[in-house]
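Next comes run.cif, a file with mmCIF, C-alpha atoms.
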```
data_upload
#
loop_
_atom_site.group_PDB
_atom_site.id
_atom_site.type_symbol
_atom_site.label_atom_id
_atom_site.label_comp_id
_atom_site.auth_asym_id
_atom_site.auth_seq_id
_atom_site.Cartn_x
_atom_site.Cartn_y
_atom_site.Cartn_z
ATOM 1 C CA MET J 14 1.780 -13.930 14.624
ATOM 2 C CA ASN J 15 2.740 -11.836 11.647
ATOM 3 C CA PHE J 16 5.938 -10.604 13.270
ATOM 4 C CA SER J 17 8.791 -11.993 15.310
ATOM 5 C CA THR J 18 11.009 -9.995 17.631
ATOM 6 C CA GLU J 19 14.568 -10.494 18.738
ATOM 7 C CA ASP J 20 15.691 -8.487 21.732
ATOM 8 C CA ASN J 21 19.352 -7.667 22.100
ATOM 9 C CA SER J 22 21.225 -5.613 24.648
ATOM 10 C CA ASN J 23 20.594 -2.274 23.036
ATOM 11 C CA HIS J 24 18.199 -2.847 20.166
ATOM 12 C CA THR J 25 15.250 -4.928 18.990
ATOM 13 C CA ILE J 26 14.865 -6.546 15.593
ATOM 14 C CA ILE J 27 11.330 -6.940 14.260
ATOM 15 C CA SER J 28 11.023 -9.380 11.363
ATOM 16 C CA ILE J 29 7.863 -9.172 9.308
ATOM 17 C CA THR J 30 6.984 -12.827 8.723
ATOM 18 C CA VAL J 31 4.169 -12.361 6.213
ATOM 19 C CA GLU J 32 4.442 -11.595 2.500
ATOM 20 C CA ARG J 33 1.865 -8.798 2.594
ATOM 21 C CA LEU J 34 2.020 -5.811 4.923
ATOM 22 C CA ASP J 35 -1.455 -4.403 4.320
ATOM 23 C CA ALA J 36 -4.495 -3.014 6.120
ATOM 24 C CA ALA J 37 -5.216 -6.411 7.699
ATOM 25 C CA VAL J 38 -1.771 -6.586 9.301
ATOM 26 C CA ALA J 39 -0.788 -2.930 9.819
ATOM 27 C CA PRO J 40 -2.601 -2.373 13.160
ATOM 28 C CA GLU J 41 -0.673 -5.270 14.713
ATOM 29 C CA LEU J 42 2.667 -3.732 13.676
ATOM 30 C CA LYS J 43 1.665 -0.330 15.006
ATOM 31 C CA LYS J 44 0.684 -1.822 18.364
ATOM 32 C CA LEU J 45 3.822 -3.988 18.539
ATOM 33 C CA VAL J 46 6.156 -1.011 18.143
ATOM 34 C CA GLN J 47 4.189 1.033 20.669
ATOM 35 C CA THR J 48 4.456 -1.844 23.164
ATOM 36 C CA LEU J 49 8.188 -2.229 22.596
ATOM 37 C CA VAL J 50 8.778 1.496 23.076
ATOM 38 C CA ALA J 51 6.642 1.501 26.239
ATOM 39 C CA GLU J 52 8.915 -1.266 27.547
ATOM 40 C CA GLY J 53 11.975 0.877 26.889
ATOM 41 C CA ASN J 54 13.034 -0.544 23.526
ATOM 42 C CA ASN J 55 13.368 2.508 21.316
ATOM 43 C CA ARG J 56 16.176 1.339 19.019
ATOM 44 C CA ILE J 57 14.430 -0.787 16.418
ATOM 45 C CA LEU J 58 15.410 -2.510 13.175
ATOM 46 C CA LEU J 59 12.408 -3.469 11.013
ATOM 47 C CA ASP J 60 13.311 -6.251 8.587
ATOM 48 C CA PHE J 61 11.215 -6.445 5.378
ATOM 49 C CA GLU J 62 13.125 -9.340 3.815
ATOM 50 C CA GLN J 63 10.059 -11.595 3.585
ATOM 51 C CA VAL J 64 7.667 -8.852 2.435
ATOM 52 C CA LEU J 65 6.644 -8.936 -1.230
ATOM 53 C CA PHE J 66 3.781 -6.432 -1.070
ATOM 54 C CA MET J 67 2.912 -3.392 1.023
ATOM 55 C CA ASP J 68 0.047 -0.924 0.696
ATOM 56 C CA SER J 69 -0.351 2.567 2.141
ATOM 57 C CA SER J 70 -1.885 1.175 5.348
ATOM 58 C CA GLY J 71 1.276 -0.843 5.886
ATOM 59 C CA LEU J 72 3.403 2.210 5.209
ATOM 60 C CA GLY J 73 1.312 4.175 7.696
ATOM 61 C CA ALA J 74 2.136 1.630 10.404
ATOM 62 C CA VAL J 75 5.839 1.933 9.586
ATOM 63 C CA VAL J 76 5.642 5.733 9.834
ATOM 64 C CA SER J 77 3.829 5.324 13.144
ATOM 65 C CA GLY J 78 6.740 3.194 14.338
ATOM 66 C CA LEU J 79 9.238 5.886 13.434
ATOM 67 C CA LYS J 80 7.189 8.472 15.308
ATOM 68 C CA SER J 81 6.805 6.172 18.326
ATOM 69 C CA VAL J 82 10.555 5.866 18.999
ATOM 70 C CA GLY J 83 10.806 9.646 19.267
ATOM 71 C CA ASP J 84 13.860 11.869 19.076
ATOM 72 C CA GLU J 85 15.812 9.731 21.521
ATOM 73 C CA GLY J 86 15.258 6.494 19.649
ATOM 74 C CA GLU J 87 16.312 5.014 16.334
ATOM 75 C CA PHE J 88 14.194 3.288 13.707
ATOM 76 C CA VAL J 89 15.941 1.624 10.781
ATOM 77 C CA VAL J 90 14.317 -0.388 7.978
ATOM 78 C CA CYS J 91 16.052 -3.023 5.847
ATOM 79 C CA GLY J 92 15.371 -5.628 3.171
ATOM 80 C CA LEU J 93 13.104 -3.468 1.000
ATOM 81 C CA SER J 94 12.562 -4.554 -2.593
ATOM 82 C CA GLY J 95 10.152 -4.319 -5.510
ATOM 83 C CA VAL J 96 6.857 -2.567 -4.944
ATOM 84 C CA VAL J 97 7.694 -2.115 -1.249
ATOM 85 C CA LEU J 98 10.690 0.058 -2.066
ATOM 86 C CA ASP J 99 8.681 1.767 -4.835
ATOM 87 C CA LEU J 100 6.066 2.800 -2.282
ATOM 88 C CA PHE J 101 8.688 4.398 -0.047
ATOM 89 C CA LYS J 102 9.958 6.346 -3.059
ATOM 90 C CA LEU J 103 6.540 7.378 -4.400
ATOM 91 C CA THR J 104 5.546 8.821 -1.025
ATOM 92 C CA HIS J 105 9.005 10.339 -0.534
ATOM 93 C CA MET J 106 9.439 8.319 2.646
ATOM 94 C CA ASP J 107 12.811 7.186 1.322
ATOM 95 C CA ARG J 108 13.944 10.705 2.317
ATOM 96 C CA VAL J 109 12.687 10.222 5.854
ATOM 97 C CA PHE J 110 13.758 6.709 6.791
ATOM 98 C CA GLU J 111 17.181 5.219 7.322
ATOM 99 C CA ILE J 112 16.959 2.473 4.680
ATOM 100 C CA ARG J 113 19.558 -0.299 4.647
ATOM 101 C CA SER J 114 19.956 -3.170 2.221
ATOM 102 C CA ASP J 115 19.850 -6.100 4.635
ATOM 103 C CA ARG J 116 19.864 -7.030 8.309
ATOM 104 C CA ASN J 117 23.647 -6.823 8.758
ATOM 105 C CA ASP J 118 23.729 -3.404 7.152
ATOM 106 C CA GLY J 119 20.798 -2.340 9.309
ATOM 107 C CA LEU J 120 22.526 -3.473 12.487
ATOM 108 C CA GLN J 121 25.605 -1.474 11.505
ATOM 109 C CA ALA J 122 23.406 1.595 11.155
ATOM 110 C CA LEU J 123 22.035 1.057 14.659
ATOM 111 C CA ALA J 124 25.538 0.573 16.042
ATOM 112 C CA ALA J 125 26.877 3.738 14.465
ATOM 113 C CA MET Y 17 -14.969 -3.747 -23.670
ATOM 114 C CA SER Y 18 -18.635 -4.092 -22.894
ATOM 115 C CA LYS Y 19 -18.242 -7.333 -20.987
ATOM 116 C CA ALA Y 20 -15.683 -8.112 -18.317
ATOM 117 C CA ASP Y 21 -13.549 -11.248 -18.670
ATOM 118 C CA ILE Y 22 -13.729 -12.020 -14.970
ATOM 119 C CA GLU Y 23 -16.308 -10.864 -12.453
ATOM 120 C CA PHE Y 24 -16.414 -11.725 -8.796
ATOM 121 C CA SER Y 25 -17.438 -10.283 -5.462
ATOM 122 C CA ILE Y 26 -15.977 -10.205 -1.988
ATOM 123 C CA ARG Y 27 -17.483 -9.368 1.360
ATOM 124 C CA SER Y 28 -16.282 -6.029 2.660
ATOM 125 C CA ASP Y 29 -13.804 -7.676 5.008
ATOM 126 C CA ILE Y 30 -10.288 -6.243 5.035
ATOM 127 C CA SER Y 31 -8.835 -9.737 5.461
ATOM 128 C CA LEU Y 32 -10.217 -10.691 2.020
ATOM 129 C CA VAL Y 33 -8.452 -7.906 0.100
ATOM 130 C CA PRO Y 34 -5.323 -10.000 -0.610
ATOM 131 C CA PHE Y 35 -7.474 -12.374 -2.690
ATOM 132 C CA VAL Y 36 -8.237 -9.475 -5.044
ATOM 133 C CA GLY Y 37 -4.560 -8.712 -5.472
ATOM 134 C CA ARG Y 38 -3.680 -12.345 -6.067
ATOM 135 C CA ALA Y 39 -6.499 -12.787 -8.598
ATOM 136 C CA LEU Y 40 -5.273 -9.761 -10.523
ATOM 137 C CA SER Y 41 -1.674 -11.001 -10.492
ATOM 138 C CA ALA Y 42 -2.794 -14.431 -11.696
ATOM 139 C CA MET Y 43 -4.807 -12.881 -14.521
ATOM 140 C CA LEU Y 44 -1.850 -10.782 -15.656
ATOM 141 C CA ALA Y 45 0.791 -13.492 -15.302
ATOM 142 C CA ALA Y 46 0.748 -14.388 -18.997
ATOM 143 C CA SER Y 47 -0.151 -10.923 -20.288
ATOM 144 C CA GLY Y 48 3.375 -9.801 -21.088
ATOM 145 C CA MET Y 49 3.128 -7.029 -18.507
ATOM 146 C CA SER Y 50 6.346 -6.606 -16.512
ATOM 147 C CA GLN Y 51 6.299 -7.857 -12.938
ATOM 148 C CA SER Y 52 6.972 -4.387 -11.551
ATOM 149 C CA ARG Y 53 4.058 -2.996 -13.546
ATOM 150 C CA VAL Y 54 1.769 -5.815 -12.387
ATOM 151 C CA SER Y 55 2.770 -5.140 -8.772
ATOM 152 C CA SER Y 56 2.151 -1.406 -9.143
ATOM 153 C CA PHE Y 57 -1.302 -1.953 -10.635
ATOM 154 C CA GLU Y 58 -2.076 -4.515 -7.926
ATOM 155 C CA LEU Y 59 -1.173 -1.861 -5.356
ATOM 156 C CA ALA Y 60 -3.579 0.602 -6.994
ATOM 157 C CA VAL Y 61 -6.450 -1.894 -7.018
ATOM 158 C CA VAL Y 62 -5.803 -2.909 -3.413
ATOM 159 C CA GLU Y 63 -5.842 0.761 -2.380
ATOM 160 C CA VAL Y 64 -9.265 1.263 -3.994
ATOM 161 C CA VAL Y 65 -10.802 -1.876 -2.462
ATOM 162 C CA THR Y 66 -9.378 -0.996 0.956
ATOM 163 C CA ASN Y 67 -10.783 2.529 0.681
ATOM 164 C CA SER Y 68 -14.220 1.102 -0.181
ATOM 165 C CA ILE Y 69 -14.158 -0.967 2.996
ATOM 166 C CA GLU Y 70 -12.705 1.717 5.255
ATOM 167 C CA HIS Y 71 -14.531 4.790 4.004
ATOM 168 C CA GLY Y 72 -17.428 3.595 1.846
ATOM 169 C CA TYR Y 73 -18.630 0.936 4.267
ATOM 170 C CA ALA Y 74 -16.981 2.135 7.511
ATOM 171 C CA TYR Y 75 -15.601 -1.400 8.120
ATOM 172 C CA ASP Y 76 -19.041 -3.063 7.947
ATOM 173 C CA LYS Y 77 -18.090 -6.629 6.995
ATOM 174 C CA ASN Y 78 -21.546 -7.524 5.713
ATOM 175 C CA LYS Y 79 -21.474 -5.423 2.560
ATOM 176 C CA LYS Y 80 -20.344 -6.456 -0.895
ATOM 177 C CA ILE Y 81 -17.745 -5.257 -3.365
ATOM 178 C CA ASP Y 82 -18.014 -6.278 -7.020
ATOM 179 C CA LEU Y 83 -14.910 -6.489 -9.185
ATOM 180 C CA LEU Y 84 -14.834 -6.601 -12.989
ATOM 181 C CA PHE Y 85 -11.520 -7.451 -14.641
ATOM 182 C CA THR Y 86 -11.029 -6.956 -18.377
ATOM 183 C CA LEU Y 87 -7.837 -7.791 -20.246
ATOM 184 C CA THR Y 88 -7.161 -6.840 -23.873
ATOM 185 C CA THR Y 89 -4.006 -7.025 -25.934
ATOM 186 C CA GLU Y 90 -3.236 -3.450 -24.922
ATOM 187 C CA LEU Y 91 -4.516 -2.848 -21.441
ATOM 188 C CA VAL Y 92 -6.032 -4.141 -18.261
ATOM 189 C CA GLU Y 93 -9.093 -2.517 -16.719
ATOM 190 C CA VAL Y 94 -10.499 -3.128 -13.256
ATOM 191 C CA SER Y 95 -13.800 -1.694 -12.035
ATOM 192 C CA VAL Y 96 -14.514 -1.669 -8.315
ATOM 193 C CA HIS Y 97 -18.169 -1.275 -7.373
ATOM 194 C CA ASP Y 98 -19.571 -0.674 -3.910
ATOM 195 C CA ASN Y 99 -22.838 0.575 -2.459
ATOM 196 C CA GLY Y 100 -21.226 2.797 0.127
ATOM 197 C CA LYS Y 101 -21.540 6.504 0.524
ATOM 198 C CA PRO Y 102 -20.379 8.666 -2.411
ATOM 199 C CA LEU Y 103 -16.761 9.700 -2.501
ATOM 200 C CA PRO Y 104 -16.181 13.314 -1.428
ATOM 201 C CA PRO Y 105 -15.405 15.581 -4.420
ATOM 202 C CA ALA Y 106 -11.927 16.314 -3.089
ATOM 203 C CA ILE Y 107 -11.104 12.602 -3.080
ATOM 204 C CA VAL Y 108 -12.544 12.132 -6.570
ATOM 205 C CA GLN Y 109 -10.360 14.996 -7.745
ATOM 206 C CA ARG Y 110 -7.280 13.276 -6.315
ATOM 207 C CA TYR Y 111 -8.211 9.935 -7.878
ATOM 208 C CA THR Y 112 -8.677 11.467 -11.307
ATOM 209 C CA SER Y 113 -5.962 14.095 -11.284
ATOM 210 C CA GLY Y 114 -3.450 12.076 -13.280
ATOM 211 C CA LYS Y 115 0.110 11.692 -12.136
ATOM 212 C CA SER Y 116 -0.241 14.226 -9.395
ATOM 213 C CA ALA Y 117 2.507 15.118 -7.023
ATOM 214 C CA ILE Y 118 2.379 13.358 -3.697
ATOM 215 C CA ASP Y 119 3.245 15.846 -0.983
ATOM 216 C CA ILE Y 120 6.881 15.851 0.034
ATOM 217 C CA PRO Y 121 7.027 15.397 3.809
ATOM 218 C CA ASP Y 122 8.850 17.724 6.146
ATOM 219 C CA VAL Y 123 11.841 15.518 6.886
ATOM 220 C CA GLY Y 124 12.776 17.642 9.875
ATOM 221 C CA ASN Y 125 9.395 17.266 11.537
ATOM 222 C CA ILE Y 126 8.958 13.558 12.188
ATOM 223 C CA ALA Y 127 6.128 14.070 14.688
ATOM 224 C CA GLU Y 128 3.935 15.587 11.973
ATOM 225 C CA LEU Y 129 4.518 12.960 9.289
ATOM 226 C CA PRO Y 130 1.291 11.623 7.765
ATOM 227 C CA GLU Y 131 0.284 8.041 8.565
ATOM 228 C CA SER Y 132 -2.512 7.894 5.999
ATOM 229 C CA GLY Y 133 -4.091 9.784 3.120
ATOM 230 C CA TRP Y 134 -1.832 8.577 0.289
ATOM 231 C CA GLY Y 135 -4.330 6.179 -1.300
ATOM 232 C CA ALA Y 136 -6.091 8.307 -3.920
ATOM 233 C CA SER Y 137 -2.917 10.099 -5.032
ATOM 234 C CA LEU Y 138 -1.104 6.779 -5.290
ATOM 235 C CA VAL Y 139 -3.863 5.358 -7.482
ATOM 236 C CA ALA Y 140 -3.706 8.415 -9.731
ATOM 237 C CA THR Y 141 0.045 8.037 -10.032
ATOM 238 C CA LEU Y 142 0.093 4.274 -10.604
ATOM 239 C CA CYS Y 143 -2.684 4.096 -13.234
ATOM 240 C CA ASP Y 144 -2.916 5.406 -16.784
ATOM 241 C CA GLU Y 145 -6.558 6.330 -16.398
ATOM 242 C CA VAL Y 146 -8.987 6.541 -13.486
ATOM 243 C CA ARG Y 147 -12.755 7.095 -13.880
ATOM 244 C CA TYR Y 148 -15.319 7.599 -11.148
ATOM 245 C CA GLU Y 149 -19.066 7.262 -11.440
ATOM 246 C CA HIS Y 150 -21.707 7.505 -8.734
ATOM 247 C CA THR Y 151 -25.155 6.204 -9.591
ATOM 248 C CA GLN Y 152 -28.168 4.933 -7.696
ATOM 249 C CA SER Y 153 -26.447 1.574 -7.516
ATOM 250 C CA GLY Y 154 -23.401 3.044 -5.805
ATOM 251 C CA ASN Y 155 -19.804 3.927 -6.591
ATOM 252 C CA ALA Y 156 -17.817 2.622 -9.537
ATOM 253 C CA LEU Y 157 -14.128 3.412 -9.702
ATOM 254 C CA THR Y 158 -12.446 2.137 -12.862
ATOM 255 C CA LEU Y 159 -8.681 1.812 -13.166
ATOM 256 C CA VAL Y 160 -6.843 1.351 -16.448
ATOM 257 C CA CYS Y 161 -3.226 0.377 -16.995
ATOM 258 C CA TYR Y 162 -1.531 -0.243 -20.337
ATOM 259 C CA LEU Y 163 0.345 -3.513 -20.517
ATOM 260 C CA ASN Y 164 3.325 -1.947 -22.197
ATOM 261 C CA GLU Y 165 5.106 0.755 -20.279
ATOM 262 C CA ASN Y 166 5.982 2.511 -23.525
ATOM 263 C CA THR Y 167 2.303 2.871 -24.395
ATOM 264 C CA SER Y 168 1.840 4.866 -21.243
ATOM 265 C CA ASP Y 169 3.197 8.321 -20.621
ATOM 266 C CA LYS Y 170 3.654 7.429 -16.994
ATOM 267 C CA LYS Y 171 6.375 5.588 -15.246
ATOM 268 C CA ILE Y 172 6.888 4.820 -11.620
ATOM 269 C CA GLY Y 173 9.813 3.823 -9.503
#
```
How does this structure look as C-alpha cells?
Amino acid sequence: MNFSTEDNSNHTIISITVERLDAAVAPELKKLVQTLVAEGNNRILLDFEQVLFMDSSGLGAVVSGLKSVGDEGEFVVCGLSGVVLDLFKLTHMDRVFEIRSDRNDGLQALAA
Amino acid sequence: MSKADIEFSIRSDISLVPFVGRALSAMLAASGMSQSRVSSFELAVVEVVTNSIEHGYAYDKNKKIDLLFTLTTELVEVSVHDNGKPLPPAIVQRYTSGKSAIDIPDVGNIAELPESGWGASLVATLCDEVRYEHTQSGNALTLVCYLNENTSDKKIG
C-alpha cells in the first residue's frame, strides 16, 4: 500500500506513505479517494509529509480527489515542501487548494 | 558534447521511471547545482520519460527508452530517445516554447479543472533549453539546464 487512511467521526486523513507520487502511484490515489467518497467520506485531509517528489500525474490524481468530494465536501492538503509545493505553484493549483503547513493545521481547516 | 557521460536504457514500464530520476539526482549530487534546481530538472526529465511511455508507446511495456546524460562545468543535458510515434506539432511547440505561461485555472469552476496536460509546458518552464528531433530512429527530446541559476534567465518557484 502506498497510502494509509485514518477514519474519524467527520473526516478521513489519507497519508501518502511513499516518497514519490508519480504516474506509477497516481491511479491508486485517484481510486482511493473515489472509494472513500462513495462510502460517504467527503471531508478529506491529504497529508504529503513523507512525499519528496511529485510529477504532473500525481498532481492530476490530487485534482481528481478535489473534484470527487464535490461542492458538499472538503479536500485539504498539508505537508507540502520542495518540488511538490513548487509544482502546485507552477500550475497555479496553490490558488485552488486549501494548503496547510502540517496535519494539525490541516485538521483545524477541516474543523472550521 | 559529442559523447554522453552516462548512457543507459529502461523498458517502457512506468514503474521504472523513478530509477531515471534517482540516476539523474545521483549524477548531479556533486555538481554544485542547488537541490531545488536538481529537483526541478528531475521533474522535467521524469515528465518527458513518462510522456514517452504514455503517449509514444501507449503503455506498451516491451519498448525501450534510451537516456544520455552529459554533465559539463556549466550545464547538464539529458536526451530521451524513443521509437514511438512522432510528437504532434502542438506538443512540440509547447515543449520548445520557452518559459511559457501555464494556464491559470478557473478557481470558481472546480468541476472543470484539468487533471492532465501540464507536462510539456512544465518541461518548457523548468528547462533552459529544449530541443526536439524526429528521425527514422524515432524521437529525441533533449533538455538542458544550467548548473548555476544565475547563468539562466529562468527561475522557478
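Non-sequential neighbours of Gly53 of chain J (distance at most 12 Å, separation of 6 or more positions within a chain, only C-alpha atoms) are Asp20, Ser22, Asn23, His24, Thr25, Val46, Gln47, Ser81, Val82, Gly83, Glu85 and Gly86 of chain J.
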Please produce a file of the residues just selected, as a CSV table (one decimal), in the frame of the given file, where the atoms kept are C-alpha atoms.
```
chain,number,residue,atom,x,y,z
J,20,ASP,CA,15.7,-8.5,21.7
J,22,SER,CA,21.2,-5.6,24.6
J,23,ASN,CA,20.6,-2.3,23.0
J,24,HIS,CA,18.2,-2.8,20.2
J,25,THR,CA,15.2,-4.9,19.0
J,46,VAL,CA,6.2,-1.0,18.1
J,47,GLN,CA,4.2,1.0,20.7
J,81,SER,CA,6.8,6.2,18.3
J,82,VAL,CA,10.6,5.9,19.0
J,83,GLY,CA,10.8,9.6,19.3
J,85,GLU,CA,15.8,9.7,21.5
J,86,GLY,CA,15.3,6.5,19.6
```
Using atom CA of Gly100 of chain Y and atom CA of Gly73 of chain J as the two end points, give the distance in Å to one decimal.
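That distance, rounded to one decimal, is 23.8 Å.
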Sel. within 7 Å of pt (4.6, 14.8, 6.6), counting all atoms listed in the file, output as a ChimeraX atom specification:
/Y:121-122,128-130
Using the chain letters and numbers from this file, what does the PyMOL selection byres ((chain Y) within 9 of (chain J)) select? Give the answer as number ranges by chain.
Y: 30-34, 52, 55-56, 59-60, 62-63, 66, 118-124, 126-135, 138, 141, 172-173
From Y:Gln109, Y:Asn99, Y:Asn164, Y:Thr86, residue lying nearest Gln51 of chain Y [only C-alpha atoms]
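Using only C-alpha atoms, Gln51 of chain Y sits closest to Y:Asn164.
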In Å, how far is it from atom CA of Ala136 of chain Y to atom CA of Gly154 of chain Y?
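Separation of atom CA of Ala136 of chain Y and atom CA of Gly154 of chain Y: 18.2 Å.
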Using only C-alpha atoms, can you tell me which of J:Ile29, J:Asp60, J:Leu120, J:Thr48 comes closest to Met14 of chain J?
J:Ile29
What does the distance between atom CA of Glu23 of chain Y and atom CA of Cys161 of chain Y come to in Å, to one decimal place?
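Distance between the two atoms: 17.8 Å.
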Could N, CA and C atoms be built for segment 50-78 of chain Y and written out as a CSV table (one decimal), in the frame of the given file?
```csv
chain,number,residue,atom,x,y,z
Y,50,SER,N,5.2,-6.4,-17.4
Y,50,SER,CA,6.3,-6.6,-16.5
Y,50,SER,C,5.9,-6.8,-15.1
Y,51,GLN,N,6.7,-7.6,-14.3
Y,51,GLN,CA,6.3,-7.9,-12.9
Y,51,GLN,C,6.2,-6.6,-12.1
Y,52,SER,N,7.0,-5.6,-12.3
Y,52,SER,CA,7.0,-4.4,-11.6
Y,52,SER,C,5.7,-3.6,-11.9
Y,53,ARG,N,5.3,-3.7,-13.1
Y,53,ARG,CA,4.1,-3.0,-13.5
Y,53,ARG,C,2.8,-3.7,-13.0
Y,54,VAL,N,2.9,-5.0,-13.0
Y,54,VAL,CA,1.8,-5.8,-12.4
Y,54,VAL,C,1.6,-5.5,-10.9
Y,55,SER,N,2.8,-5.4,-10.2
Y,55,SER,CA,2.8,-5.1,-8.8
Y,55,SER,C,2.2,-3.7,-8.5
Y,56,SER,N,2.6,-2.8,-9.3
Y,56,SER,CA,2.2,-1.4,-9.1
Y,56,SER,C,0.6,-1.3,-9.3
Y,57,PHE,N,0.1,-2.0,-10.4
Y,57,PHE,CA,-1.3,-2.0,-10.6
Y,57,PHE,C,-2.1,-2.7,-9.5
Y,58,GLU,N,-1.5,-3.8,-9.1
Y,58,GLU,CA,-2.1,-4.5,-7.9
Y,58,GLU,C,-2.2,-3.6,-6.7
Y,59,LEU,N,-1.1,-2.8,-6.5
Y,59,LEU,CA,-1.2,-1.9,-5.4
Y,59,LEU,C,-2.3,-0.9,-5.5
Y,60,ALA,N,-2.5,-0.4,-6.7
Y,60,ALA,CA,-3.6,0.6,-7.0
Y,60,ALA,C,-4.9,0.0,-6.7
Y,61,VAL,N,-5.1,-1.2,-7.2
Y,61,VAL,CA,-6.4,-1.9,-7.0
Y,61,VAL,C,-6.7,-2.2,-5.5
Y,62,VAL,N,-5.7,-2.6,-4.9
Y,62,VAL,CA,-5.8,-2.9,-3.4
Y,62,VAL,C,-6.2,-1.6,-2.6
Y,63,GLU,N,-5.5,-0.5,-3.0
Y,63,GLU,CA,-5.8,0.8,-2.4
Y,63,GLU,C,-7.3,1.1,-2.5
Y,64,VAL,N,-7.9,0.9,-3.7
Y,64,VAL,CA,-9.3,1.3,-4.0
Y,64,VAL,C,-10.2,0.4,-3.2
Y,65,VAL,N,-9.9,-0.9,-3.2
Y,65,VAL,CA,-10.8,-1.9,-2.5
Y,65,VAL,C,-10.7,-1.6,-1.0
Y,66,THR,N,-9.5,-1.3,-0.5
Y,66,THR,CA,-9.4,-1.0,1.0
Y,66,THR,C,-10.1,0.3,1.3
Y,67,ASN,N,-10.1,1.3,0.4
Y,67,ASN,CA,-10.8,2.5,0.7
Y,67,ASN,C,-12.3,2.3,0.7
Y,68,SER,N,-12.8,1.4,-0.2
Y,68,SER,CA,-14.2,1.1,-0.2
Y,68,SER,C,-14.6,0.5,1.2
Y,69,ILE,N,-13.8,-0.3,1.7
Y,69,ILE,CA,-14.2,-1.0,3.0
Y,69,ILE,C,-14.0,0.0,4.1
Y,70,GLU,N,-13.0,0.8,4.1
Y,70,GLU,CA,-12.7,1.7,5.3
Y,70,GLU,C,-13.6,2.9,5.2
Y,71,HIS,N,-13.8,3.5,4.1
Y,71,HIS,CA,-14.5,4.8,4.0
Y,71,HIS,C,-15.9,4.6,3.5
Y,72,GLY,N,-16.1,3.8,2.4
Y,72,GLY,CA,-17.4,3.6,1.8
Y,72,GLY,C,-18.4,2.8,2.8
Y,73,TYR,N,-17.8,1.8,3.4
Y,73,TYR,CA,-18.6,0.9,4.3
Y,73,TYR,C,-18.3,1.1,5.8
Y,74,ALA,N,-17.4,1.9,6.1
Y,74,ALA,CA,-17.0,2.1,7.5
Y,74,ALA,C,-16.7,0.8,8.2
Y,75,TYR,N,-16.0,-0.1,7.6
Y,75,TYR,CA,-15.6,-1.4,8.1
Y,75,TYR,C,-16.8,-2.4,8.4
Y,76,ASP,N,-17.9,-2.1,7.8
Y,76,ASP,CA,-19.0,-3.1,7.9
Y,76,ASP,C,-18.7,-4.3,7.1
Y,77,LYS,N,-18.5,-5.4,7.7
Y,77,LYS,CA,-18.1,-6.6,7.0
Y,77,LYS,C,-19.2,-7.3,6.2
Y,78,ASN,N,-20.4,-6.8,6.3
Y,78,ASN,CA,-21.5,-7.5,5.7
Y,78,ASN,C,-22.0,-6.9,4.4
```
